[in-house]
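Asks: File entry20.csv follows (CSV, C-alpha atoms and all ligand atoms):
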chain,number,residue,atom,x,y,z
A,291,MET,CA,96.1,111.8,72.6
A,292,THR,CA,96.5,115.6,72.9
A,293,ARG,CA,98.5,117.9,70.9
A,294,HIS,CA,99.0,121.4,72.3
A,295,LYS,CA,100.4,124.3,70.3
A,296,ALA,CA,103.3,126.1,72.0
A,297,SER,CA,104.1,129.6,71.1
A,298,LYS,CA,106.8,130.1,68.4
A,299,PRO,CA,108.8,126.8,68.7
A,300,GLY,CA,112.4,127.1,67.7
A,301,LYS,CA,115.7,125.4,68.2
A,302,ARG,CA,116.7,127.7,71.0
A,303,ASP,CA,113.6,126.7,72.9
A,304,ARG,CA,114.7,123.1,73.3
A,305,THR,CA,115.7,121.6,76.6
A,306,VAL,CA,119.3,122.1,77.6
A,307,VAL,CA,121.0,119.5,79.8
A,308,LEU,CA,123.3,121.1,82.4
A,309,LYS,CA,125.9,119.4,84.6
A,310,LYS,CA,128.3,120.6,87.3
A,311,THR,CA,128.1,124.3,86.4
A,312,LEU,CA,125.3,126.8,85.7
A,313,PRO,CA,125.6,129.4,82.9
A,314,GLU,CA,124.9,133.0,84.0
A,315,ARG,CA,121.6,132.9,82.3
A,316,LEU,CA,119.6,129.7,82.4
A,317,PRO,CA,117.6,128.7,79.3
A,318,ALA,CA,113.8,128.5,79.3
A,319,HIS,CA,113.9,124.7,79.6
A,320,ALA,CA,116.8,123.1,81.5
A,321,LEU,CA,117.5,119.8,83.0
A,322,TRP,CA,120.2,119.6,85.7
A,323,HIS,CA,121.9,116.2,85.6
A,324,GLY,CA,122.9,115.9,89.3
A,325,GLU,CA,121.7,116.4,92.8
A,326,VAL,CA,119.2,119.1,93.4
A,327,GLU,CA,121.2,120.2,96.4
A,328,ALA,CA,124.1,121.2,94.1
A,329,PHE,CA,121.8,122.9,91.7
A,330,LEU,CA,120.2,125.0,94.4
A,331,ALA,CA,123.6,125.8,95.9
A,332,ALA,CA,124.8,127.1,92.5
A,333,LEU,CA,121.6,129.1,91.8
A,334,PRO,CA,121.6,132.7,92.8
A,335,ARG,CA,119.3,133.4,95.8
A,336,ARG,CA,116.7,135.2,93.8
A,337,ARG,CA,112.9,134.8,93.6
A,338,VAL,CA,112.5,132.9,90.3
A,339,PHE,CA,110.1,130.0,90.7
A,340,ASP,CA,106.4,130.6,90.0
A,341,LEU,CA,105.5,127.0,90.8
A,342,VAL,CA,107.4,124.2,92.4
A,343,ILE,CA,105.9,120.8,91.8
A,344,THR,CA,107.5,117.5,92.7
A,345,SER,CA,107.2,114.0,93.8
A,346,PRO,CA,110.3,113.3,95.9
A,347,PRO,CA,111.7,109.9,96.7
A,348,TYR,CA,109.6,108.4,99.4
A,349,ASN,CA,112.4,106.6,101.2
A,350,THR,CA,110.9,103.3,100.3
A,351,GLY,CA,114.1,101.8,98.9
A,352,LYS,CA,113.3,102.2,95.2
A,353,PRO,CA,116.3,101.6,92.9
A,354,TYR,CA,116.9,105.4,92.7
A,355,GLU,CA,117.2,106.0,96.5
A,356,THR,CA,119.0,104.7,99.5
A,357,LYS,CA,116.6,104.0,102.4
A,358,VAL,CA,117.6,105.9,105.5
A,359,GLU,CA,116.2,106.5,109.0
A,360,LEU,CA,113.0,108.5,108.8
A,361,THR,CA,114.4,111.4,110.8
A,362,GLN,CA,117.4,111.6,108.4
A,363,TYR,CA,115.0,111.6,105.4
A,364,LEU,CA,112.9,114.4,106.9
A,365,LEU,CA,116.1,116.4,107.6
A,366,TRP,CA,117.2,116.0,104.0
A,367,GLN,CA,113.8,117.0,102.7
A,368,GLY,CA,113.7,119.9,105.1
A,369,ALA,CA,117.1,121.2,103.8
A,370,ILE,CA,115.9,121.1,100.2
A,371,ILE,CA,112.6,122.8,101.1
A,372,ALA,CA,114.5,125.5,103.0
A,373,ALA,CA,116.6,126.2,99.9
A,374,ILE,CA,113.6,126.4,97.6
A,375,VAL,CA,111.3,128.7,99.7
A,376,PRO,CA,113.5,131.8,99.3
A,377,ARG,CA,113.4,131.3,95.5
A,378,LEU,CA,109.7,131.3,95.3
A,379,LYS,CA,108.1,134.3,93.7
A,380,PRO,CA,105.4,136.4,95.3
A,381,GLY,CA,102.1,134.7,94.5
A,382,GLY,CA,103.9,131.4,93.8
A,383,SER,CA,103.0,127.9,95.0
A,384,ILE,CA,104.7,124.7,96.1
A,385,CYS,CA,103.1,121.3,95.5
A,386,TRP,CA,104.7,118.3,97.2
A,387,GLN,CA,103.2,115.0,96.1
A,388,VAL,CA,103.7,112.2,98.5
A,389,GLY,CA,102.5,108.8,99.6
A,390,ASN,CA,103.2,106.7,102.7
A,391,TYR,CA,106.4,105.5,104.2
A,392,VAL,CA,105.7,101.8,104.9
A,393,GLU,CA,107.7,100.0,107.6
A,394,ASN,CA,106.9,96.4,108.8
A,395,GLY,CA,103.4,96.7,107.4
A,396,TYR,CA,102.5,100.0,109.2
A,397,ILE,CA,102.3,103.3,107.5
A,398,ARG,CA,103.7,106.7,108.2
A,399,PRO,CA,101.9,109.3,106.0
A,400,LEU,CA,104.6,111.5,104.6
A,401,ASP,CA,102.3,114.5,104.1
A,402,VAL,CA,101.6,114.6,107.9
A,403,LEU,CA,105.3,114.3,108.6
A,404,LEU,CA,106.3,117.0,106.1
A,405,HIS,CA,103.6,119.5,106.9
A,406,PRO,CA,105.4,121.0,110.0
A,407,ILE,CA,108.4,121.7,107.8
A,408,PHE,CA,106.4,123.7,105.3
A,409,GLU,CA,104.6,125.5,108.1
A,410,SER,CA,107.9,126.5,109.7
A,411,HIS,CA,108.5,128.5,106.6
A,412,ASP,CA,105.2,130.3,107.0
A,413,LEU,CA,103.8,128.7,103.9
A,414,LEU,CA,100.0,128.5,103.7
A,415,LEU,CA,98.3,125.2,103.0
A,416,ARG,CA,95.6,125.7,100.5
A,417,ASN,CA,94.6,122.2,99.7
A,418,ARG,CA,95.5,118.7,100.6
A,419,VAL,CA,94.5,117.1,97.3
A,420,VAL,CA,93.8,113.4,97.4
A,421,TRP,CA,95.0,111.8,94.1
A,422,ARG,CA,93.0,108.6,93.8
A,423,PHE,CA,94.0,105.9,91.3
A,424,GLY,CA,92.8,102.5,90.4
A,425,HIS,CA,95.8,100.2,90.3
A,426,GLY,CA,98.3,98.9,92.8
A,427,LEU,CA,99.4,96.1,95.0
A,428,HIS,CA,96.8,94.2,97.0
A,429,ALA,CA,97.5,94.3,100.7
A,430,LYS,CA,96.9,91.2,102.7
A,431,LYS,CA,96.7,92.6,106.3
A,432,ARG,CA,95.3,96.1,105.7
A,433,PHE,CA,93.2,97.8,103.1
A,434,SER,CA,95.0,98.3,99.8
A,435,GLY,CA,96.3,101.8,99.3
A,436,ARG,CA,94.7,103.7,96.4
A,437,TYR,CA,95.5,107.3,97.0
A,438,GLU,CA,98.4,109.7,97.5
A,439,VAL,CA,98.4,113.3,98.5
A,440,ILE,CA,99.5,116.6,97.1
A,441,LEU,CA,100.2,119.3,99.6
A,442,TRP,CA,99.6,122.7,97.9
A,443,TYR,CA,101.1,125.7,99.7
A,444,THR,CA,101.3,129.3,98.7
A,445,ARG,CA,103.8,131.9,99.9
A,446,ASP,CA,101.3,134.7,100.2
A,447,GLU,CA,97.7,135.6,100.8
A,448,ASP,CA,97.5,136.7,97.2
A,449,TYR,CA,98.3,133.9,94.8
A,450,THR,CA,97.8,132.7,91.3
A,451,PHE,CA,94.7,130.5,91.0
A,452,ASN,CA,93.0,130.2,87.7
A,453,LEU,CA,90.0,128.1,88.3
A,454,ASP,CA,88.5,128.6,84.8
A,455,ALA,CA,91.5,126.9,83.2
A,456,VAL,CA,90.7,123.6,85.1
A,457,ARG,CA,87.0,123.3,85.2
A,458,ILE,CA,85.6,119.8,84.6
A,459,PRO,CA,82.1,118.8,83.4
A,460,SER,CA,79.4,119.3,86.0
A,461,LYS,CA,77.5,116.3,87.3
A,462,TYR,CA,74.1,117.9,86.6
A,463,PRO,CA,74.6,120.6,84.0
A,464,GLY,CA,70.9,120.9,83.5
A,465,LYS,CA,70.1,121.6,87.2
A,466,LYS,CA,68.1,124.7,87.8
A,467,HIS,CA,67.4,127.0,90.7
A,468,TYR,CA,64.1,125.9,92.2
A,469,LYS,CA,63.3,129.1,94.1
A,470,GLY,CA,64.2,132.7,94.5
A,471,PRO,CA,64.7,135.3,91.8
A,472,LYS,CA,66.7,132.9,89.6
A,473,ALA,CA,64.1,130.1,89.8
A,474,GLY,CA,64.0,128.1,86.6
A,475,LYS,CA,67.5,129.3,85.5
A,476,ILE,CA,70.4,127.0,85.2
A,477,SER,CA,72.2,127.0,88.5
A,478,GLY,CA,75.7,125.7,87.6
A,479,ASN,CA,78.6,127.3,85.7
A,480,PRO,CA,78.1,126.5,81.9
A,481,ASP,CA,81.9,126.0,81.7
A,482,GLY,CA,81.9,123.3,84.2
A,483,LYS,CA,82.6,122.9,87.9
A,484,ASN,CA,85.6,123.2,90.3
A,485,PRO,CA,87.5,119.9,90.1
A,486,GLU,CA,87.4,119.6,93.9
A,487,ASP,CA,90.1,118.2,96.0
A,488,VAL,CA,89.8,114.5,95.2
A,489,TRP,CA,91.2,113.7,91.8
A,490,ASP,CA,90.6,110.5,90.0
A,491,ILE,CA,93.5,110.2,87.5
A,492,PRO,CA,94.9,106.8,86.5
A,493,ASN,CA,98.4,106.1,87.7
A,494,VAL,CA,101.1,105.3,85.1
A,495,VAL,CA,101.2,101.6,85.1
A,496,ALA,CA,102.4,99.1,82.4
A,497,ARG,CA,100.1,99.9,79.5
A,498,HIS,CA,99.6,103.6,80.1
A,499,ARG,CA,100.5,105.6,77.0
A,500,GLU,CA,102.9,107.8,79.0
A,501,LYS,CA,104.8,104.9,80.5
A,502,ALA,CA,108.6,105.5,80.4
A,503,SER,CA,111.1,103.3,82.2
A,504,HIS,CA,110.6,105.1,85.6
A,505,PRO,CA,108.9,103.0,88.3
A,506,CYS,CA,107.0,105.9,89.8
A,507,GLN,CA,106.4,108.6,87.3
A,508,PHE,CA,103.4,110.7,87.9
A,509,PRO,CA,100.8,111.2,85.2
A,510,VAL,CA,101.2,114.4,83.2
A,511,GLY,CA,97.5,115.1,83.7
A,512,LEU,CA,98.0,115.4,87.4
A,513,VAL,CA,100.7,118.1,87.0
A,514,GLU,CA,98.8,119.7,84.1
A,515,ARG,CA,95.9,120.6,86.4
A,516,LEU,CA,98.3,122.3,88.8
A,517,VAL,CA,100.3,124.0,86.1
A,518,LEU,CA,97.1,125.5,84.5
A,519,ALA,CA,95.6,126.6,87.8
A,520,LEU,CA,98.7,127.8,89.7
A,521,SER,CA,100.9,129.4,87.1
A,522,LYS,CA,100.6,131.8,84.2
A,523,PRO,CA,101.9,131.4,80.6
A,524,ARG,CA,105.7,131.9,80.5
A,525,GLY,CA,105.9,131.3,84.2
A,526,LEU,CA,108.7,129.1,85.5
A,527,VAL,CA,107.9,125.6,86.9
A,528,PHE,CA,110.6,123.8,88.9
A,529,ASP,CA,110.7,120.1,89.7
A,530,PRO,CA,113.6,119.3,92.1
A,531,PHE,CA,113.2,115.5,91.5
A,532,CYS,CA,112.0,115.4,88.0
A,533,GLY,CA,112.5,111.8,87.0
A,534,VAL,CA,111.5,111.4,83.4
A,535,GLY,CA,110.2,114.9,83.2
A,536,SER,CA,106.4,114.6,83.5
A,537,ALA,CA,106.2,118.0,85.1
A,538,GLY,CA,108.3,119.4,82.3
A,539,VAL,CA,105.9,117.9,79.7
A,540,ALA,CA,102.9,119.5,81.4
A,541,ALA,CA,104.7,122.9,81.7
A,542,ALA,CA,106.0,122.9,78.1
A,543,ALA,CA,102.6,121.8,76.7
A,544,HIS,CA,101.1,124.9,78.2
A,545,GLY,CA,103.8,127.5,77.3
A,546,ARG,CA,105.5,127.6,80.8
A,547,ARG,CA,109.2,127.4,81.2
A,548,PHE,CA,110.7,124.5,83.1
A,549,TRP,CA,113.7,123.6,85.1
A,550,GLY,CA,114.2,120.1,86.6
A,551,CYS,CA,116.9,118.2,88.5
A,552,GLU,CA,117.5,114.5,88.3
A,553,ILE,CA,120.5,112.3,89.3
A,554,SER,CA,119.9,109.5,86.8
A,555,ALA,CA,121.4,110.0,83.3
A,556,GLU,CA,118.9,107.7,81.8
A,557,TYR,CA,115.9,109.6,83.3
A,558,VAL,CA,117.4,112.9,82.2
A,559,ARG,CA,117.7,111.5,78.6
A,560,GLN,CA,114.1,110.3,78.7
A,561,ALA,CA,112.9,113.6,80.2
A,562,LYS,CA,114.5,115.6,77.4
A,563,ALA,CA,113.0,113.2,74.8
A,564,ARG,CA,109.6,113.9,76.3
A,565,ILE,CA,109.8,117.6,76.9
A,566,ASP,CA,111.3,118.6,73.6
A,567,PRO,CA,108.2,117.5,71.6
A,568,ALA,CA,106.0,119.2,74.2
A,569,ILE,CA,107.8,122.5,73.5
A,570,GLU,CA,106.9,122.1,69.9
A,571,GLY,CA,103.2,121.5,70.7
A,572,LYS,CA,103.5,117.7,70.2
A,573,ALA,CA,103.0,116.5,73.8
A,574,GLU,CA,101.3,113.1,74.0
A,575,TYR,CA,99.6,112.5,77.2
A,576,ARG,CA,96.3,111.8,78.9
A,577,ARG,CA,94.5,115.1,79.8
A,578,HIS,CA,93.6,115.9,83.4
A,579,ASP,CA,89.9,116.2,82.6
A,580,LYS,CA,89.6,113.0,80.6
A,581,GLN,CA,86.9,110.7,82.0
A,582,VAL,CA,88.2,107.6,83.8
A,583,TYR,CA,87.6,104.5,81.8
A,584,ASP,CA,84.5,102.7,82.9
A,585,HIS,CA,85.7,99.3,83.8
A,586,LYS,CA,82.2,97.9,83.1
A,587,ASP,CA,82.9,98.4,79.4
A,588,SER,CA,85.6,95.7,79.6
A,589,PRO,CA,84.7,92.0,78.9
A,590,LEU,CA,86.9,91.3,81.9
A,591,SER,CA,84.3,92.9,84.1
A,592,LEU,CA,81.9,90.0,83.5
A,593,ARG,CA,81.7,87.6,86.3
A,594,PRO,CA,83.5,84.4,85.4
A,595,ILE,CA,80.9,81.7,84.6
A,596,GLY,CA,82.3,79.5,87.4
A,597,HIS,CA,81.4,82.1,90.0
A,598,VAL,CA,77.9,82.3,88.8
A,599,LEU,CA,77.5,78.5,88.5
A,600,ARG,CA,78.9,78.0,92.0
A,601,ALA,CA,76.5,80.5,93.4
A,602,LEU,CA,73.6,78.7,91.6
A,603,ARG,CA,74.8,75.3,92.7
A,604,ASP,CA,74.9,76.5,96.3
A,605,GLU,CA,71.6,78.2,96.2
A,606,ALA,CA,69.6,76.0,93.9
A,607,GLY,CA,71.3,72.7,94.7
A,608,LEU,CA,72.0,71.9,91.1
A,609,THR,CA,74.3,69.1,90.4
A,610,GLN,CA,77.5,69.4,88.5
A,611,ALA,CA,75.9,67.6,85.5
A,612,GLN,CA,72.9,69.8,85.6
A,613,LEU,CA,75.1,72.8,85.6
A,614,ALA,CA,77.1,71.5,82.7
A,615,LYS,CA,73.9,70.9,80.7
A,616,ALA,CA,72.5,74.3,81.7
A,617,SER,CA,75.6,76.2,80.7
A,618,HIS,CA,76.0,74.3,77.4
A,619,LEU,CA,79.6,73.6,78.3
A,620,SER,CA,80.9,70.1,77.9
A,621,GLN,CA,82.5,70.3,81.4
A,622,VAL,CA,82.1,72.6,84.3
A,623,THR,CA,84.9,73.0,86.8
A,624,ILE,CA,84.0,74.5,90.1
A,625,SER,CA,87.2,74.8,91.9
A,626,LYS,CA,87.7,76.5,95.2
A,627,TYR,CA,89.4,79.5,93.7
A,628,GLU,CA,87.6,79.3,90.4
A,629,SER,CA,90.8,79.4,88.4
A,630,GLY,CA,90.4,78.7,84.8
A,631,CYS,CA,86.8,79.9,84.8
A,632,MET,CA,85.3,81.2,81.6
A,633,PRO,CA,83.7,84.6,81.3
A,634,ILE,CA,80.0,84.4,80.4
A,635,ARG,CA,79.6,85.1,76.7
A,636,SER,CA,76.7,87.3,76.0
A,637,ASP,CA,75.2,84.9,73.4
A,638,LYS,CA,75.1,82.2,76.1
A,639,VAL,CA,73.3,84.3,78.6
A,640,PRO,CA,69.6,83.8,77.4
A,641,ALA,CA,69.9,80.0,77.2
A,642,LEU,CA,71.7,79.7,80.4
A,643,ALA,CA,69.3,81.9,82.3
A,644,LYS,CA,66.4,80.0,80.8
A,645,ALA,CA,67.8,76.6,81.7
A,646,LEU,CA,68.4,77.8,85.2
A,647,ALA,CA,65.0,79.5,85.4
A,648,VAL,CA,66.4,82.8,86.5
A,649,PRO,CA,66.2,86.2,84.9
A,650,PRO,CA,69.3,86.9,82.6
A,651,PHE,CA,70.6,89.7,84.8
A,652,ARG,CA,70.9,87.2,87.7
A,653,LEU,CA,74.0,85.9,85.9
A,654,PHE,CA,75.7,89.2,86.4
A,655,MET,CA,74.9,89.7,90.0
A,656,THR,CA,76.7,88.6,93.1
A,657,ASP,CA,74.8,86.5,95.6
A,658,ALA,CA,74.4,89.5,97.9
A,659,GLU,CA,73.1,91.7,95.1
A,660,TRP,CA,70.6,89.0,94.1
A,661,ARG,CA,69.3,88.6,97.6
A,662,ARG,CA,69.0,92.3,97.9
A,663,TRP,CA,67.1,92.5,94.6
A,664,GLU,CA,64.8,89.6,95.6
A,665,ARG,CA,64.1,91.3,98.9
A,666,ASN,CA,63.1,94.6,97.2
A,667,ALA,CA,61.3,93.0,94.2
B,1,LIG,C1,109.5,109.8,92.7
B,1,LIG,S1,110.6,110.0,91.5
B,1,LIG,C2,110.0,111.4,90.6
B,1,LIG,C3,109.3,110.9,89.3
B,1,LIG,C4,108.8,112.1,88.5
B,1,LIG,N1,107.8,112.8,89.1
B,1,LIG,C5,108.3,111.6,87.1
B,1,LIG,O1,107.2,111.8,86.8
B,1,LIG,O2,109.1,111.0,86.4
B,1,LIG,C6,112.0,110.8,92.3
B,1,LIG,C7,113.2,111.0,91.4
B,1,LIG,O3,114.1,111.8,92.2
B,1,LIG,C8,115.5,111.4,91.8
B,1,LIG,N2,116.4,111.8,92.8
B,1,LIG,C9,116.7,111.2,94.0
B,1,LIG,N3,117.6,111.9,94.7
B,1,LIG,C10,117.8,113.1,94.0
B,1,LIG,C11,118.6,114.3,94.3
B,1,LIG,N4,119.3,114.4,95.4
B,1,LIG,N5,118.5,115.2,93.3
B,1,LIG,C12,117.8,115.1,92.2
B,1,LIG,N6,117.1,114.0,91.9
B,1,LIG,C13,117.1,113.0,92.8
B,1,LIG,C14,115.3,109.9,91.5
B,1,LIG,O4,116.3,109.4,90.6
B,1,LIG,C15,113.9,109.8,91.0
B,1,LIG,O5,113.9,109.7,89.6
Please express what this file holds, its structure, as structure tokens.
Ligand SMILES: C[S@@+](CC[C@H](N)C(=O)[O-])C[C@H]1O[C@@H](n2cnc3c(N)ncnc32)[C@H](O)[C@@H]1O
Replies:
Amino acid sequence: MTRHKASKPGKRDRTVVLKKTLPERLPAHALWHGEVEAFLAALPRRRVFDLVITSPPYNTGKPYETKVELTQYLLWQGAIIAAIVPRLKPGGSICWQVGNYVENGYIRPLDVLLHPIFESHDLLLRNRVVWRFGHGLHAKKRFSGRYEVILWYTRDEDYTFNLDAVRIPSKYPGKKHYKGPKAGKISGNPDGKNPEDVWDIPNVVARHREKASHPCQFPVGLVERLVLALSKPRGLVFDPFCGVGSAGVAAAAHGRRFWGCEISAEYVRQAKARIDPAIEGKAEYRRHDKQVYDHKDSPLSLRPIGHVLRALRDEAGLTQAQLAKASHLSQVTISKYESGCMPIRSDKVPALAKALAVPPFRLFMTDAEWRRWERNA
């Protein structure tokens, strides 16, 4: 849980919800409850955005969107991008985070389809960041999708990029130069390394601490890295499809201003409820540089005992009764799908391994791993 201090919080700094009309001067933190098209139409054509970051609807038929023909979708996105570009400040950036449009089981990568639109505005693609996450649906007839993409464009050759703000721990901080004038000296940056362009950041699923009621909110940490690297304090971050305001939380937590647009009243309400504490330095989220949880620490990562026993039965030819005796369980069920299997309890491992005359680590190996180990032993 992270708490960041924002500069001089005060009532006037809180997020203002706007609808239908824009005041002459927009507040530092504003949420437009309505279509982004209307917001942009009402906004004077001036260069005000330092960083635009969004995850638009993907045209997949989520509750907040009406699925349309792909061409129509791209035309709609193109019109919004065309209205945003003239409002981007010199040195500013646009980050468009997208996944795949899936139809009848085949995929159309939205970043590939959208790129020509950005290019037609002479924007310069700096990175195609792969955001990799660990949870999602399991596909049956293709490999399960576990990444989405962030297209990062700049308006100019000269642009804000603060690498030091987003360094992450190096893999080998003790590594030294082995030859040349610096031989023997530490070779890496003591403040950490460039986070590279493949980011492992958990997606916001059921038990994530940031989970609001939105079905596809992006993690604050994902935006945080972009906000820190691509904008300066007090800069203006804009999210045209802001959902429950994750970009606003990251912006406010780091002293940036934020404007967001959202058509759902409920998401606007939740966005305000999340951004306001962030303005006061009380943002609660998972930091961009937090290590991904090592699944091997979970008791669920132990192989179910039934899997192990089945492997041993098949390999060692032990009978059901022998297995039951060996495992000290009154009954062993070896079903086809191993449903209802029990995880191996660590206190049972030595006895079970002894009874089966295998080294204890065998019980935690797959058959293939075991065969490999035996071959190399
Ligand atoms: C993929 S979600 C964005 C989620 C957001 N990144 C978050 O973390 O909560 C897209 C959002 O765009 C909103 N939306 C759809 N059409 C819109 C429009 N024309 N103007 C503004 N918002 C729109 C949807 O209601 C939805 O919440």
Asks: Set the cut-off to 8 Å, count only C-alpha atoms and all ligand atoms, and list whatever residues fall near ligand LIG 1 (chain B) as a short mmCIF file (atom, residue, chain, number, x, y, z; two decimals) with C-alpha atoms, in the frame of the given file.
Replies:
data_model
loop_
_atom_site.label_atom_id
_atom_site.label_comp_id
_atom_site.auth_asym_id
_atom_site.auth_seq_id
_atom_site.Cartn_x
_atom_site.Cartn_y
_atom_site.Cartn_z
CA HIS A 323 121.90 116.20 85.60
CA GLY A 324 122.90 115.90 89.30
CA GLU A 325 121.70 116.40 92.80
CA VAL A 326 119.20 119.10 93.40
CA GLU A 327 121.20 120.20 96.40
CA THR A 344 107.50 117.50 92.70
CA SER A 345 107.20 114.00 93.80
CA PRO A 346 110.30 113.30 95.90
CA PRO A 347 111.70 109.90 96.70
CA TYR A 348 109.60 108.40 99.40
CA TYR A 354 116.90 105.40 92.70
CA GLU A 355 117.20 106.00 96.50
CA HIS A 504 110.60 105.10 85.60
CA PRO A 505 108.90 103.00 88.30
CA CYS A 506 107.00 105.90 89.80
CA GLN A 507 106.40 108.60 87.30
CA PHE A 508 103.40 110.70 87.90
CA PRO A 509 100.80 111.20 85.20
CA VAL A 510 101.20 114.40 83.20
CA ASP A 529 110.70 120.10 89.70
CA PRO A 530 113.60 119.30 92.10
CA PHE A 531 113.20 115.50 91.50
CA CYS A 532 112.00 115.40 88.00
CA GLY A 533 112.50 111.80 87.00
CA VAL A 534 111.50 111.40 83.40
CA GLY A 535 110.20 114.90 83.20
CA SER A 536 106.40 114.60 83.50
CA ALA A 537 106.20 118.00 85.10
CA CYS A 551 116.90 118.20 88.50
CA GLU A 552 117.50 114.50 88.30
CA ILE A 553 120.50 112.30 89.30
CA SER A 554 119.90 109.50 86.80
CA TYR A 557 115.90 109.60 83.30
CA ALA A 561 112.90 113.60 80.20
#
Asks: Which polymer residues have any atom within 6 Å of an atom of A:Glu438, counting all atoms listed in the file, with same-chain residues fewer than 2 positions away left out, as a list of chain:residue names?
Replies: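 Selected residues are A:Val388, A:Gly389, A:Val420, A:Trp421.
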Asks: Next, the residues of the selection above should be written as a CSV table (one decimal), in the coordinates of the input with C-alpha atoms.
Replies:
chain,number,residue,atom,x,y,z
A,388,VAL,CA,103.7,112.2,98.5
A,389,GLY,CA,102.5,108.8,99.6
A,420,VAL,CA,93.8,113.4,97.4
A,421,TRP,CA,95.0,111.8,94.1
Asks: May I have the protein, DNA and RNA residues with an atom at most 10 Å from (105.4, 125.7, 82.0), counting all atoms listed in the file in the file's coordinates, returned as an MDAnalysis selection string?
Replies: chainID A and resid 318:319 340:341 514 517:518 521:528 537:549 569
Asks: Between A:Ala372, A:Ala320, A:Ala519, A:Leu360, which is the closest to A:Val558 once you count only C-alpha atoms?
Replies: A:Ala320
Asks: Could you list, as a list of chain:residue names, every residue within 6 Å of A:Trp322, counting all atoms listed in the file and ignoring same-chain residues fewer than 6 positions away?
Replies: A:Val307, A:Leu308, A:Lys309, A:Cys551
Asks: Neighbours of A:Asn484 within 7 Å (only C-alpha atoms; same-chain residues fewer than 5 positions away dropped), as a PyMOL selection string?
Replies: chain A and resi 453+457-458
Asks: Have a look at atom CA of A:Gly550 and atom CA of A:Asp487 and let me know their distance in Å, one decimal.
Replies: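 Atom CA of A:Asp487 lies at a distance of 25.9 Å from atom CA of A:Gly550.
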Asks: I need the residue nearest A:Lys501 from this list: A:Val582, A:Arg576, A:Phe329, A:Phe408. Use all atoms listed in the file for the distance.
Replies: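 Of A:Val582, A:Arg576, A:Phe329, A:Phe408, the one nearest A:Lys501 is A:Arg576, counting all atoms listed in the file.
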Asks: Using all atoms listed in the file for the distances, tell me which of A:Arg665, A:Thr350, A:Arg337, A:Ile440 is nearest to A:Asn394.
Replies: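 Nearest to A:Asn394: A:Thr350.
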Asks: Using all atoms listed in the file, can you tell me which of A:Tyr462, A:Tyr449, A:Asp454, A:Lys469 comes closest to A:Asp481?
Replies: A:Asp454
Asks: Point out the residue among A:Pro459, A:Gly474, A:Gly424, A:Gly351 with the least atom-to-atom distance to A:Asp579, counting only C-alpha atoms.
Replies: A:Pro459
Asks: List every protein, DNA or RNA residue with an atom no more than 8 Å from (95.3, 119.6, 99.6) in the file's coordinates, counting all atoms listed in the file, and format the result as a ChimeraX atom specification.
Replies: /A:415-420,439-442,487
Asks: Select, from A:Asn452, A:Ser477, A:Thr444, A:Thr305, the residue with the minimum atom-to-atom distance to A:Glu409, counting only C-alpha atoms.
Replies: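 Looking at the shortest contact to A:Glu409, the residue is A:Thr444.
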Asks: Enter the distance from atom CA of A:Val648 to atom CA of A:Asp584, in Å, rounded to one decimal.
Replies: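 For atom CA of A:Val648 relative to atom CA of A:Asp584, the distance reads 27.1 Å.
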Asks: Counting all atoms listed in the file, what is within 10 Å of A:Gly464, bar same-chain residues fewer than 3 positions away, as a PyMOL selection string?
Replies: chain A and resi 460-461+475-478+480
Asks: Give, as lines of an AutoDock Vina configuration file, the centre coordinates and the x, y and z edge lengths in Å to one decimal for an axis-aligned box around all listed atoms of stretch 498-515 of chain A, padded by 8 Å on each side.
Replies:
center_x = 103.5
center_y = 111.8
center_z = 83.4
size_x = 31.2
size_y = 33.6
size_z = 28.8
Asks: Which polymer residues have any atom within 7 Å of an atom of A:His578, counting all atoms listed in the file, with same-chain residues fewer than 5 positions away left out, as a ChimeraX atom specification?
Replies: /A:511-512,514-515
Asks: Have a look at atom CA of A:Leu316 and atom CA of A:Leu333 and let me know their distance in Å, one decimal.
Replies: 9.6 Å
